[in-house]
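Q: Enclosed is the structure file final05.cif (mmCIF, C-alpha atoms).
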data_start
#
loop_
_atom_site.label_atom_id
_atom_site.label_comp_id
_atom_site.auth_asym_id
_atom_site.auth_seq_id
_atom_site.Cartn_x
_atom_site.Cartn_y
_atom_site.Cartn_z
CA ILE S 1 -39.55 54.51 -16.86
CA MET S 2 -39.99 55.80 -13.32
CA ILE S 3 -38.72 53.32 -10.75
CA THR S 4 -39.47 54.36 -7.18
CA ILE S 5 -37.00 53.29 -4.52
CA LYS S 6 -38.70 52.34 -1.24
CA SER S 7 -37.45 53.26 2.21
CA LYS S 8 -37.18 50.67 5.00
CA SER S 9 -40.44 51.92 6.53
CA GLN S 10 -42.21 51.69 3.18
CA ILE S 11 -40.90 48.15 2.74
CA GLN S 12 -42.29 47.30 6.19
CA LYS S 13 -45.72 48.56 5.04
CA LEU S 14 -45.45 46.46 1.89
CA LYS S 15 -44.61 43.49 4.10
CA ASP S 16 -47.69 44.13 6.26
CA ALA S 17 -49.86 44.11 3.13
CA GLY S 18 -48.00 41.03 1.89
CA LYS S 19 -48.73 39.14 5.10
CA ILE S 20 -52.48 39.66 4.58
CA VAL S 21 -52.12 38.30 1.04
CA ALA S 22 -50.20 35.27 2.36
CA GLU S 23 -52.84 34.57 5.02
CA THR S 24 -55.58 34.80 2.38
CA HIS S 25 -53.69 32.29 0.20
CA GLN S 26 -53.46 29.92 3.16
CA LEU S 27 -57.21 30.20 3.76
CA LEU S 28 -58.05 29.45 0.11
CA LYS S 29 -55.54 26.61 -0.14
CA GLU S 30 -57.43 24.85 2.65
CA ALA S 31 -60.77 25.53 0.92
CA ILE S 32 -59.84 24.33 -2.58
CA ARG S 33 -61.64 21.08 -3.31
CA GLU S 34 -63.85 19.42 -5.86
CA GLY S 35 -67.32 21.02 -5.99
CA ILE S 36 -66.47 24.51 -4.72
CA SER S 37 -67.06 27.45 -7.05
CA THR S 38 -64.51 30.13 -7.79
CA TYR S 39 -67.15 32.61 -6.61
CA ASP S 40 -67.08 30.96 -3.15
CA LEU S 41 -63.29 31.27 -3.04
CA ASP S 42 -63.56 34.91 -4.09
CA GLN S 43 -66.10 35.67 -1.33
CA MET S 44 -63.88 34.02 1.29
CA ALA S 45 -60.88 36.03 0.13
CA GLU S 46 -62.72 39.35 0.08
CA LYS S 47 -64.23 38.76 3.51
CA TYR S 48 -60.85 37.91 5.04
CA ILE S 49 -59.00 40.82 3.37
CA ARG S 50 -61.63 43.30 4.60
CA LYS S 51 -61.57 41.75 8.09
CA CYS S 52 -57.86 42.69 8.15
CA ASN S 53 -58.86 46.31 7.40
CA ALA S 54 -57.42 45.96 3.90
CA ILE S 55 -59.01 46.37 0.46
CA PRO S 56 -58.85 43.74 -2.32
CA SER S 57 -56.48 45.36 -4.84
CA PHE S 58 -58.09 43.75 -7.89
CA LYS S 59 -61.73 44.53 -7.16
CA GLY S 60 -62.82 47.20 -9.62
CA TYR S 61 -59.28 47.45 -11.06
CA GLY S 62 -59.89 48.42 -14.69
CA GLY S 63 -63.44 47.17 -14.14
CA PHE S 64 -62.43 43.70 -12.89
CA LYS S 65 -65.34 42.14 -11.02
CA GLY S 66 -63.58 39.81 -8.60
CA SER S 67 -61.39 40.22 -5.54
CA ILE S 68 -59.12 37.42 -6.76
CA CYS S 69 -58.19 36.05 -10.16
CA ALA S 70 -59.11 32.37 -10.36
CA SER S 71 -57.60 30.78 -13.47
CA ILE S 72 -58.33 27.11 -14.18
CA ASN S 73 -56.34 24.75 -16.44
CA SER S 74 -55.66 26.50 -19.77
CA VAL S 75 -56.53 29.91 -18.31
CA VAL S 76 -53.18 31.61 -17.79
CA VAL S 77 -54.28 34.69 -15.84
CA HIS S 78 -57.23 36.96 -15.01
CA GLY S 79 -59.90 34.28 -14.68
CA ILE S 80 -63.05 35.95 -13.36
CA PRO S 81 -64.62 34.24 -10.32
CA SER S 82 -68.07 32.85 -11.08
CA LYS S 83 -70.84 30.85 -9.42
CA HIS S 84 -70.87 28.72 -12.59
CA THR S 85 -67.19 27.78 -12.44
CA ILE S 86 -67.02 24.70 -10.22
CA LEU S 87 -63.73 22.97 -9.44
CA LYS S 88 -63.44 19.39 -10.65
CA ASN S 89 -61.10 16.60 -9.65
CA GLY S 90 -57.96 16.85 -11.78
CA ASP S 91 -58.19 20.61 -12.37
CA ILE S 92 -55.36 22.98 -11.59
CA ILE S 93 -56.24 26.46 -10.37
CA SER S 94 -54.05 29.56 -10.19
CA ILE S 95 -55.14 32.04 -7.55
CA ASP S 96 -53.81 35.60 -7.74
CA ILE S 97 -54.45 37.83 -4.72
CA GLY S 98 -53.74 41.50 -4.04
CA ALA S 99 -54.43 43.54 -0.89
CA LEU S 100 -54.10 47.27 -0.25
CA TYR S 101 -53.26 47.97 3.38
CA ASN S 102 -52.16 51.26 4.87
CA GLY S 103 -51.59 52.69 1.40
CA TYR S 104 -49.42 49.84 0.06
CA HIS S 105 -50.13 46.74 -2.02
CA GLY S 106 -49.17 43.09 -1.62
CA ASP S 107 -49.47 40.85 -4.69
CA SER S 108 -48.90 37.11 -4.97
CA ALA S 109 -50.12 34.09 -6.94
CA LYS S 110 -50.00 30.31 -6.49
CA THR S 111 -51.22 27.30 -8.44
CA HIS S 112 -52.93 24.36 -6.74
CA GLY S 113 -54.11 20.94 -7.83
CA VAL S 114 -57.70 19.87 -7.17
CA GLY S 115 -57.90 16.27 -5.94
CA ASP S 116 -55.78 13.90 -8.05
CA ILE S 117 -53.89 15.71 -10.79
CA SER S 118 -51.72 14.33 -13.58
CA GLU S 119 -47.97 13.86 -13.20
CA LYS S 120 -47.48 16.42 -15.96
CA ASP S 121 -49.48 19.02 -14.05
CA LYS S 122 -47.58 18.25 -10.84
CA GLU S 123 -44.36 18.89 -12.73
CA LEU S 124 -45.76 22.07 -14.32
CA ILE S 125 -46.69 23.50 -10.91
CA ALA S 126 -43.33 22.55 -9.35
CA VAL S 127 -41.28 23.95 -12.24
CA THR S 128 -43.29 27.19 -12.28
CA ARG S 129 -42.68 27.66 -8.56
CA GLN S 130 -38.99 26.89 -8.84
CA SER S 131 -38.59 29.16 -11.88
CA PHE S 132 -39.72 32.01 -9.59
CA TYR S 133 -36.98 31.09 -7.11
CA GLU S 134 -34.37 30.91 -9.89
CA GLY S 135 -35.30 34.49 -10.81
CA PHE S 136 -35.46 35.53 -7.15
CA LYS S 137 -31.85 34.41 -6.61
CA ARG S 138 -30.75 36.92 -9.29
CA ALA S 139 -32.57 39.83 -7.64
CA ILE S 140 -29.44 41.31 -6.12
CA VAL S 141 -27.85 44.75 -6.22
CA GLY S 142 -25.71 45.28 -9.31
CA ASN S 143 -27.45 42.67 -11.47
CA ARG S 144 -29.65 43.84 -14.32
CA LEU S 145 -33.38 43.38 -14.48
CA SER S 146 -33.23 40.90 -17.36
CA ASP S 147 -30.95 38.63 -15.31
CA ILE S 148 -34.12 37.73 -13.38
CA SER S 149 -36.08 37.20 -16.63
CA ASN S 150 -33.40 35.02 -18.17
CA ALA S 151 -33.10 32.80 -15.08
CA VAL S 152 -36.87 32.15 -15.11
CA GLN S 153 -36.90 31.31 -18.81
CA THR S 154 -33.78 29.12 -18.79
CA TYR S 155 -35.08 27.03 -15.92
CA ALA S 156 -38.65 26.56 -17.25
CA GLU S 157 -37.53 25.77 -20.78
CA SER S 158 -35.00 23.21 -19.54
CA PHE S 159 -38.04 21.07 -18.60
CA GLY S 160 -39.69 21.55 -21.99
CA PHE S 161 -42.23 24.09 -20.78
CA SER S 162 -42.79 27.48 -22.38
CA VAL S 163 -42.82 30.96 -20.87
CA ILE S 164 -45.79 33.26 -21.47
CA ARG S 165 -44.55 36.45 -23.14
CA ASP S 166 -47.69 38.61 -23.16
CA TYR S 167 -47.85 39.11 -19.38
CA VAL S 168 -45.04 40.22 -17.10
CA GLY S 169 -44.16 41.03 -13.51
CA HIS S 170 -43.94 44.63 -12.30
CA GLY S 171 -42.94 47.04 -9.59
CA VAL S 172 -45.23 47.27 -6.55
CA GLY S 173 -45.81 50.07 -4.06
CA GLU S 174 -48.56 52.62 -3.51
CA ASN S 175 -49.78 51.46 -6.92
CA LEU S 176 -50.48 47.82 -7.73
CA HIS S 177 -48.53 48.05 -10.99
CA GLU S 178 -45.46 50.29 -11.10
CA ASP S 179 -42.33 50.45 -13.22
CA PRO S 180 -40.34 48.52 -14.14
CA GLN S 181 -41.99 45.69 -16.05
CA VAL S 182 -40.36 42.35 -15.20
CA PRO S 183 -40.56 39.96 -18.17
CA ASN S 184 -40.17 36.22 -17.62
CA SER S 185 -37.98 35.76 -20.68
CA GLY S 186 -35.11 37.47 -22.43
CA LYS S 187 -31.35 37.70 -22.69
CA PRO S 188 -29.38 38.47 -19.51
CA GLY S 189 -27.52 41.71 -18.85
CA ARG S 190 -30.20 44.14 -20.02
CA GLY S 191 -32.49 46.72 -18.48
CA PRO S 192 -31.98 48.84 -15.39
CA ARG S 193 -29.46 47.90 -12.72
CA LEU S 194 -31.07 46.51 -9.59
CA GLN S 195 -30.71 48.72 -6.54
CA GLU S 196 -31.50 48.42 -2.87
CA GLY S 197 -35.09 49.51 -2.19
CA MET S 198 -36.61 48.30 -5.45
CA VAL S 199 -39.78 46.29 -4.88
CA LEU S 200 -40.81 43.89 -7.63
CA ALA S 201 -43.50 41.30 -8.26
CA ILE S 202 -41.78 38.44 -10.06
CA GLU S 203 -44.45 36.22 -11.56
CA PRO S 204 -43.62 33.40 -13.96
CA MET S 205 -46.56 32.14 -16.01
CA ILE S 206 -45.51 28.85 -17.55
CA ALA S 207 -47.35 26.70 -20.10
CA THR S 208 -47.26 23.03 -21.02
CA GLY S 209 -47.60 23.79 -24.74
CA THR S 210 -47.40 27.04 -26.67
CA TYR S 211 -46.62 30.35 -24.98
CA LYS S 212 -49.15 32.09 -27.20
CA VAL S 213 -52.35 33.30 -25.56
CA LYS S 214 -55.63 34.92 -26.50
CA VAL S 215 -58.06 36.95 -24.43
CA LEU S 216 -61.68 35.77 -24.36
CA SER S 217 -64.64 37.99 -25.18
CA ASP S 218 -65.04 39.06 -21.53
CA GLY S 219 -61.93 41.18 -22.07
CA TRP S 220 -60.03 39.57 -19.17
CA THR S 221 -59.65 35.79 -19.33
CA ALA S 222 -56.36 34.91 -21.01
CA VAL S 223 -56.08 31.32 -22.27
CA THR S 224 -53.35 29.36 -24.03
CA LEU S 225 -53.96 29.14 -27.78
CA ASP S 226 -53.60 25.34 -27.79
CA ASP S 227 -55.80 24.91 -24.70
CA LYS S 228 -53.00 23.21 -22.76
CA ASN S 229 -52.56 23.93 -19.08
CA ALA S 230 -50.59 26.81 -17.58
CA ALA S 231 -49.43 27.65 -14.04
CA HIS S 232 -48.63 30.93 -12.27
CA TYR S 233 -46.42 31.68 -9.26
CA GLU S 234 -45.74 35.14 -7.87
CA HIS S 235 -44.32 36.89 -4.84
CA THR S 236 -43.66 40.55 -4.13
CA ILE S 237 -39.97 40.92 -3.22
CA ALA S 238 -37.65 43.67 -2.01
CA ILE S 239 -34.06 44.12 -3.13
CA THR S 240 -31.84 44.69 -0.10
CA ALA S 241 -28.11 45.24 0.47
CA GLY S 242 -27.81 41.44 0.83
CA GLU S 243 -30.19 38.64 -0.15
CA PRO S 244 -33.55 39.62 -1.67
CA GLU S 245 -36.50 39.52 0.74
CA LEU S 246 -39.90 37.89 0.18
CA LEU S 247 -42.66 40.29 1.27
CA THR S 248 -45.77 38.16 0.62
CA ILE S 249 -45.15 35.47 3.21
CA LEU S 250 -46.54 34.60 6.64
#
Spit out the file's structure as structure tokens when you get a sec.

A:
Amino acid sequence: IMITIKSKSQIQKLKDAGKIVAETHQLLKEAIREGISTYDLDQMAEKYIRKCNAIPSFKGYGGFKGSICASINSVVVHGIPSKHTILKNGDIISIDIGALYNGYHGDSAKTHGVGDISEKDKELIAVTRQSFYEGFKRAIVGNRLSDISNAVQTYAESFGFSVIRDYVGHGVGENLHEDPQVPNSGKPGRGPRLQEGMVLAIEPMIATGTYKVKVLSDGWTAVTLDDKNAAHYEHTIAITAGEPELLTIL
């Protein structure tokens, strides 16, 4: 594997891209409501990203049609925005956004409830978010990559949730997906040592039921095998000499 170490000026560029992603998330969070289509959310996101002189990272990526991934309920990741997919009260929706700005990508995902959601889904969303932060805390120089993975898994499973194995986090830079892969499960103390200047997208995908998934006939949409809900939370982070730094924030 080829892990590229980023300079301080490169990390600043990644942060600039990350800020656009964070602003786009804020915009969509305010727009999410019963009756809106995922196509409408996608259009809003694309318009805003382009207004910032950035390019939606996902649009056309491997043939993907949308500017965002909009994954509802049992869809784990890569839900394709559609005029026919209308948000309903009680749904949960994971929005994944990427933006290419000045040659560097920002990548982040969040899960939101639509209207009144179940207590179980509230817990799922909260645990998924916190499992990211448990992994984030381990993203320090001298630790190994799987220390992040193990922290995510241990936390999520302690609440009885399961960790999706088929999709993982990744390095981020001039390419949207770079080495190394960052799994959300595994034993600690394995994989490359973390060094200052590594930039990673840590992205737990956590399910209420089984961790097993299947991809639908569109070639993108990944759903849980038992049709139970899943949530997704992701930030792009930089490993520094001290505490890790979040790059996809306002």

Q: Please evaluate the PyMOL selection byres ((chain S and resi 21) around 7) against the displayed coordinates and give the resulting residues as a PyMOL selection string.

A: chain S and resi 17-20+22-25+97-99+106-108+248

Q: Near S:Thr236, counting all atoms listed in the file, which residues have an atom at most 9 Å away, once you skip same-chain residues fewer than 3 positions from it, shown as a VMD selection string?

A: chain S and resid 14 to 15 18 106 to 108 171 to 172 199 to 203 245 to 248

Q: Could you turn the residues from that selection into a file that holds C-alpha atoms, as an mmCIF file, in the coordinates of the input?

A:
data_model
loop_
_atom_site.group_PDB
_atom_site.id
_atom_site.type_symbol
_atom_site.label_atom_id
_atom_site.label_comp_id
_atom_site.auth_asym_id
_atom_site.auth_seq_id
_atom_site.Cartn_x
_atom_site.Cartn_y
_atom_site.Cartn_z
ATOM 1 C CA LEU S 14 -45.450 46.460 1.890
ATOM 2 C CA LYS S 15 -44.610 43.490 4.100
ATOM 3 C CA GLY S 18 -48.000 41.030 1.890
ATOM 4 C CA GLY S 106 -49.170 43.090 -1.620
ATOM 5 C CA ASP S 107 -49.470 40.850 -4.690
ATOM 6 C CA SER S 108 -48.900 37.110 -4.970
ATOM 7 C CA GLY S 171 -42.940 47.040 -9.590
ATOM 8 C CA VAL S 172 -45.230 47.270 -6.550
ATOM 9 C CA VAL S 199 -39.780 46.290 -4.880
ATOM 10 C CA LEU S 200 -40.810 43.890 -7.630
ATOM 11 C CA ALA S 201 -43.500 41.300 -8.260
ATOM 12 C CA ILE S 202 -41.780 38.440 -10.060
ATOM 13 C CA GLU S 203 -44.450 36.220 -11.560
ATOM 14 C CA GLU S 245 -36.500 39.520 0.740
ATOM 15 C CA LEU S 246 -39.900 37.890 0.180
ATOM 16 C CA LEU S 247 -42.660 40.290 1.270
ATOM 17 C CA THR S 248 -45.770 38.160 0.620
#

Q: Given the file shown, enumerate the residues that the PyMOL selection byres ((chain S and resi 49) around 9) captures and present them as a PyMOL selection string.

A: chain S and resi 20-21+23-24+44-48+50-56+99-100

Q: Find the residue from S:Pro192, S:Ser185, S:Thr85, S:Thr128 that sits nearest to S:Ile1; use only C-alpha atoms when measuring.

A: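 Closest candidate: S:Pro192.
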
Q: Going by the chain IDs and residue numbers used in this file, which residues fall under the PyMOL selection byres ((chain S and resi 141) around 6)? Write them as a list in words.

A: Ile140, Gly142, Asn143, Leu194 and Gln195 of chain S

Q: Between atom CA of S:Trp220 and atom CA of S:Gly79, measure the distance and give it in Å to one decimal.

A: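 Separation of atom CA of S:Trp220 and atom CA of S:Gly79: 6.9 Å.
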
Q: So what do you get for atom CA of S:Thr111 versus atom CA of S:His84, distance-wise?

A: 20.1 Å

Q: So, with all atoms listed in the file as the atoms that count, which of S:Ile249, S:Ala230, S:Ala241, S:Leu176 lies closest to S:Ile72?

A: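 Counting all atoms listed in the file, the residue closest to S:Ile72 is S:Ala230.
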
Q: Can we get stretch 182-196 of chain S of that structure written down with all heavy atoms, as a PDB file, in the first residue's frame?

A:
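Listed below is the output, out18.pdb:
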ATOM      1  N   VAL S 182      -9.443   1.847   5.912  1.00  0.00           N
ATOM      2  CA  VAL S 182      -9.651   1.955   7.367  1.00  0.00           C
ATOM      3  C   VAL S 182     -10.904   1.162   7.746  1.00  0.00           C
ATOM      4  O   VAL S 182     -12.015   1.688   7.716  1.00  0.00           O
ATOM      5  CB  VAL S 182      -9.813   3.433   7.809  1.00  0.00           C
ATOM      6  CG1 VAL S 182      -9.850   3.534   9.333  1.00  0.00           C
ATOM      7  CG2 VAL S 182      -8.703   4.311   7.240  1.00  0.00           C
ATOM      8  N   PRO S 183     -10.745  -0.118   8.086  1.00  0.00           N
ATOM      9  CA  PRO S 183     -11.913  -0.916   8.474  1.00  0.00           C
ATOM     10  C   PRO S 183     -12.529  -0.398   9.773  1.00  0.00           C
ATOM     11  O   PRO S 183     -11.874   0.309  10.555  1.00  0.00           O
ATOM     12  CB  PRO S 183     -11.331  -2.328   8.683  1.00  0.00           C
ATOM     13  CG  PRO S 183      -9.994  -2.316   8.023  1.00  0.00           C
ATOM     14  CD  PRO S 183      -9.502  -0.903   8.106  1.00  0.00           C
ATOM     15  N   ASN S 184     -13.782  -0.760  10.003  1.00  0.00           N
ATOM     16  CA  ASN S 184     -14.472  -0.368  11.229  1.00  0.00           C
ATOM     17  C   ASN S 184     -14.545  -1.513  12.227  1.00  0.00           C
ATOM     18  O   ASN S 184     -15.291  -1.447  13.208  1.00  0.00           O
ATOM     19  CB  ASN S 184     -15.873   0.143  10.889  1.00  0.00           C
ATOM     20  CG  ASN S 184     -15.805   1.412  10.074  1.00  0.00           C
ATOM     21  OD1 ASN S 184     -15.208   2.389  10.508  1.00  0.00           O
ATOM     22  ND2 ASN S 184     -16.367   1.407   8.880  1.00  0.00           N
ATOM     23  N   SER S 185     -13.775  -2.562  11.969  1.00  0.00           N
ATOM     24  CA  SER S 185     -13.745  -3.693  12.894  1.00  0.00           C
ATOM     25  C   SER S 185     -12.380  -4.350  12.797  1.00  0.00           C
ATOM     26  O   SER S 185     -11.660  -4.163  11.814  1.00  0.00           O
ATOM     27  CB  SER S 185     -14.834  -4.703  12.522  1.00  0.00           C
ATOM     28  OG  SER S 185     -14.583  -5.223  11.230  1.00  0.00           O
ATOM     29  N   GLY S 186     -12.047  -5.117  13.826  1.00  0.00           N
ATOM     30  CA  GLY S 186     -10.784  -5.850  13.804  1.00  0.00           C
ATOM     31  C   GLY S 186     -10.068  -5.792  15.143  1.00  0.00           C
ATOM     32  O   GLY S 186     -10.455  -5.035  16.038  1.00  0.00           O
ATOM     33  N   LYS S 187      -9.062  -6.607  15.260  1.00  0.00           N
ATOM     34  CA  LYS S 187      -8.252  -6.633  16.485  1.00  0.00           C
ATOM     35  C   LYS S 187      -7.331  -5.415  16.513  1.00  0.00           C
ATOM     36  O   LYS S 187      -6.899  -4.948  15.461  1.00  0.00           O
ATOM     37  CB  LYS S 187      -7.404  -7.901  16.518  1.00  0.00           C
ATOM     38  CG  LYS S 187      -8.221  -9.192  16.655  1.00  0.00           C
ATOM     39  CD  LYS S 187      -7.289 -10.374  16.895  1.00  0.00           C
ATOM     40  CE  LYS S 187      -8.043 -11.588  17.399  1.00  0.00           C
ATOM     41  NZ  LYS S 187      -8.943 -12.161  16.377  1.00  0.00           N
ATOM     42  N   PRO S 188      -7.000  -4.915  17.713  1.00  0.00           N
ATOM     43  CA  PRO S 188      -6.086  -3.771  17.789  1.00  0.00           C
ATOM     44  C   PRO S 188      -4.643  -4.184  17.473  1.00  0.00           C
ATOM     45  O   PRO S 188      -4.333  -5.366  17.380  1.00  0.00           O
ATOM     46  CB  PRO S 188      -6.222  -3.319  19.244  1.00  0.00           C
ATOM     47  CG  PRO S 188      -6.619  -4.546  19.995  1.00  0.00           C
ATOM     48  CD  PRO S 188      -7.432  -5.372  19.043  1.00  0.00           C
ATOM     49  N   GLY S 189      -3.786  -3.167  17.297  1.00  0.00           N
ATOM     50  CA  GLY S 189      -2.355  -3.431  17.178  1.00  0.00           C
ATOM     51  C   GLY S 189      -1.898  -3.972  15.840  1.00  0.00           C
ATOM     52  O   GLY S 189      -0.836  -4.578  15.738  1.00  0.00           O
ATOM     53  N   ARG S 190      -2.688  -3.759  14.794  1.00  0.00           N
ATOM     54  CA  ARG S 190      -2.318  -4.260  13.466  1.00  0.00           C
ATOM     55  C   ARG S 190      -2.285  -3.136  12.445  1.00  0.00           C
ATOM     56  O   ARG S 190      -2.831  -2.079  12.662  1.00  0.00           O
ATOM     57  CB  ARG S 190      -3.337  -5.317  13.014  1.00  0.00           C
ATOM     58  CG  ARG S 190      -3.437  -6.433  14.036  1.00  0.00           C
ATOM     59  CD  ARG S 190      -4.085  -7.656  13.501  1.00  0.00           C
ATOM     60  NE  ARG S 190      -3.949  -8.731  14.481  1.00  0.00           N
ATOM     61  CZ  ARG S 190      -4.592  -9.876  14.423  1.00  0.00           C
ATOM     62  NH1 ARG S 190      -5.408 -10.116  13.421  1.00  0.00           N
ATOM     63  NH2 ARG S 190      -4.408 -10.796  15.349  1.00  0.00           N
ATOM     64  N   GLY S 191      -1.659  -3.438  11.315  1.00  0.00           N
ATOM     65  CA  GLY S 191      -1.637  -2.464  10.222  1.00  0.00           C
ATOM     66  C   GLY S 191      -0.543  -1.437  10.418  1.00  0.00           C
ATOM     67  O   GLY S 191       0.222  -1.488  11.383  1.00  0.00           O
ATOM     68  N   PRO S 192      -0.456  -0.487   9.483  1.00  0.00           N
ATOM     69  CA  PRO S 192       0.622   0.499   9.536  1.00  0.00           C
ATOM     70  C   PRO S 192       0.557   1.373  10.782  1.00  0.00           C
ATOM     71  O   PRO S 192      -0.525   1.604  11.322  1.00  0.00           O
ATOM     72  CB  PRO S 192       0.407   1.348   8.277  1.00  0.00           C
ATOM     73  CG  PRO S 192      -0.908   0.981   7.726  1.00  0.00           C
ATOM     74  CD  PRO S 192      -1.326  -0.322   8.311  1.00  0.00           C
ATOM     75  N   ARG S 193       1.731   1.830  11.211  1.00  0.00           N
ATOM     76  CA  ARG S 193       1.770   2.804  12.314  1.00  0.00           C
ATOM     77  C   ARG S 193       1.274   4.148  11.818  1.00  0.00           C
ATOM     78  O   ARG S 193       1.551   4.546  10.679  1.00  0.00           O
ATOM     79  CB  ARG S 193       3.201   2.972  12.823  1.00  0.00           C
ATOM     80  CG  ARG S 193       3.611   1.813  13.685  1.00  0.00           C
ATOM     81  CD  ARG S 193       4.463   2.241  14.853  1.00  0.00           C
ATOM     82  NE  ARG S 193       4.897   1.043  15.565  1.00  0.00           N
ATOM     83  CZ  ARG S 193       4.232   0.482  16.572  1.00  0.00           C
ATOM     84  NH1 ARG S 193       3.103   1.009  17.000  1.00  0.00           N
ATOM     85  NH2 ARG S 193       4.697  -0.608  17.145  1.00  0.00           N
ATOM     86  N   LEU S 194       0.542   4.843  12.655  1.00  0.00           N
ATOM     87  CA  LEU S 194       0.010   6.153  12.280  1.00  0.00           C
ATOM     88  C   LEU S 194       1.117   7.196  12.411  1.00  0.00           C
ATOM     89  O   LEU S 194       1.858   7.204  13.384  1.00  0.00           O
ATOM     90  CB  LEU S 194      -1.175   6.501  13.180  1.00  0.00           C
ATOM     91  CG  LEU S 194      -2.323   5.477  13.136  1.00  0.00           C
ATOM     92  CD1 LEU S 194      -3.429   5.872  14.101  1.00  0.00           C
ATOM     93  CD2 LEU S 194      -2.881   5.312  11.726  1.00  0.00           C
ATOM     94  N   GLN S 195       1.216   8.034  11.396  1.00  0.00           N
ATOM     95  CA  GLN S 195       2.243   9.081  11.422  1.00  0.00           C
ATOM     96  C   GLN S 195       1.621  10.434  11.151  1.00  0.00           C
ATOM     97  O   GLN S 195       0.590  10.538  10.484  1.00  0.00           O
ATOM     98  CB  GLN S 195       3.312   8.875  10.346  1.00  0.00           C
ATOM     99  CG  GLN S 195       3.629   7.503   9.915  1.00  0.00           C
ATOM    100  CD  GLN S 195       4.583   7.509   8.710  1.00  0.00           C
ATOM    101  OE1 GLN S 195       5.304   8.463   8.454  1.00  0.00           O
ATOM    102  NE2 GLN S 195       4.575   6.432   7.973  1.00  0.00           N
ATOM    103  N   GLU S 196       2.312  11.452  11.619  1.00  0.00           N
ATOM    104  CA  GLU S 196       1.884  12.828  11.376  1.00  0.00           C
ATOM    105  C   GLU S 196       1.780  13.053   9.865  1.00  0.00           C
ATOM    106  O   GLU S 196       2.648  12.625   9.107  1.00  0.00           O
ATOM    107  CB  GLU S 196       2.916  13.787  11.977  1.00  0.00           C
ATOM    108  CG  GLU S 196       2.495  15.227  11.906  1.00  0.00           C
ATOM    109  CD  GLU S 196       3.497  16.178  12.555  1.00  0.00           C
ATOM    110  OE1 GLU S 196       4.447  15.724  13.206  1.00  0.00           O
ATOM    111  OE2 GLU S 196       3.286  17.388  12.386  1.00  0.00           O
TER     112      GLU S 196
END
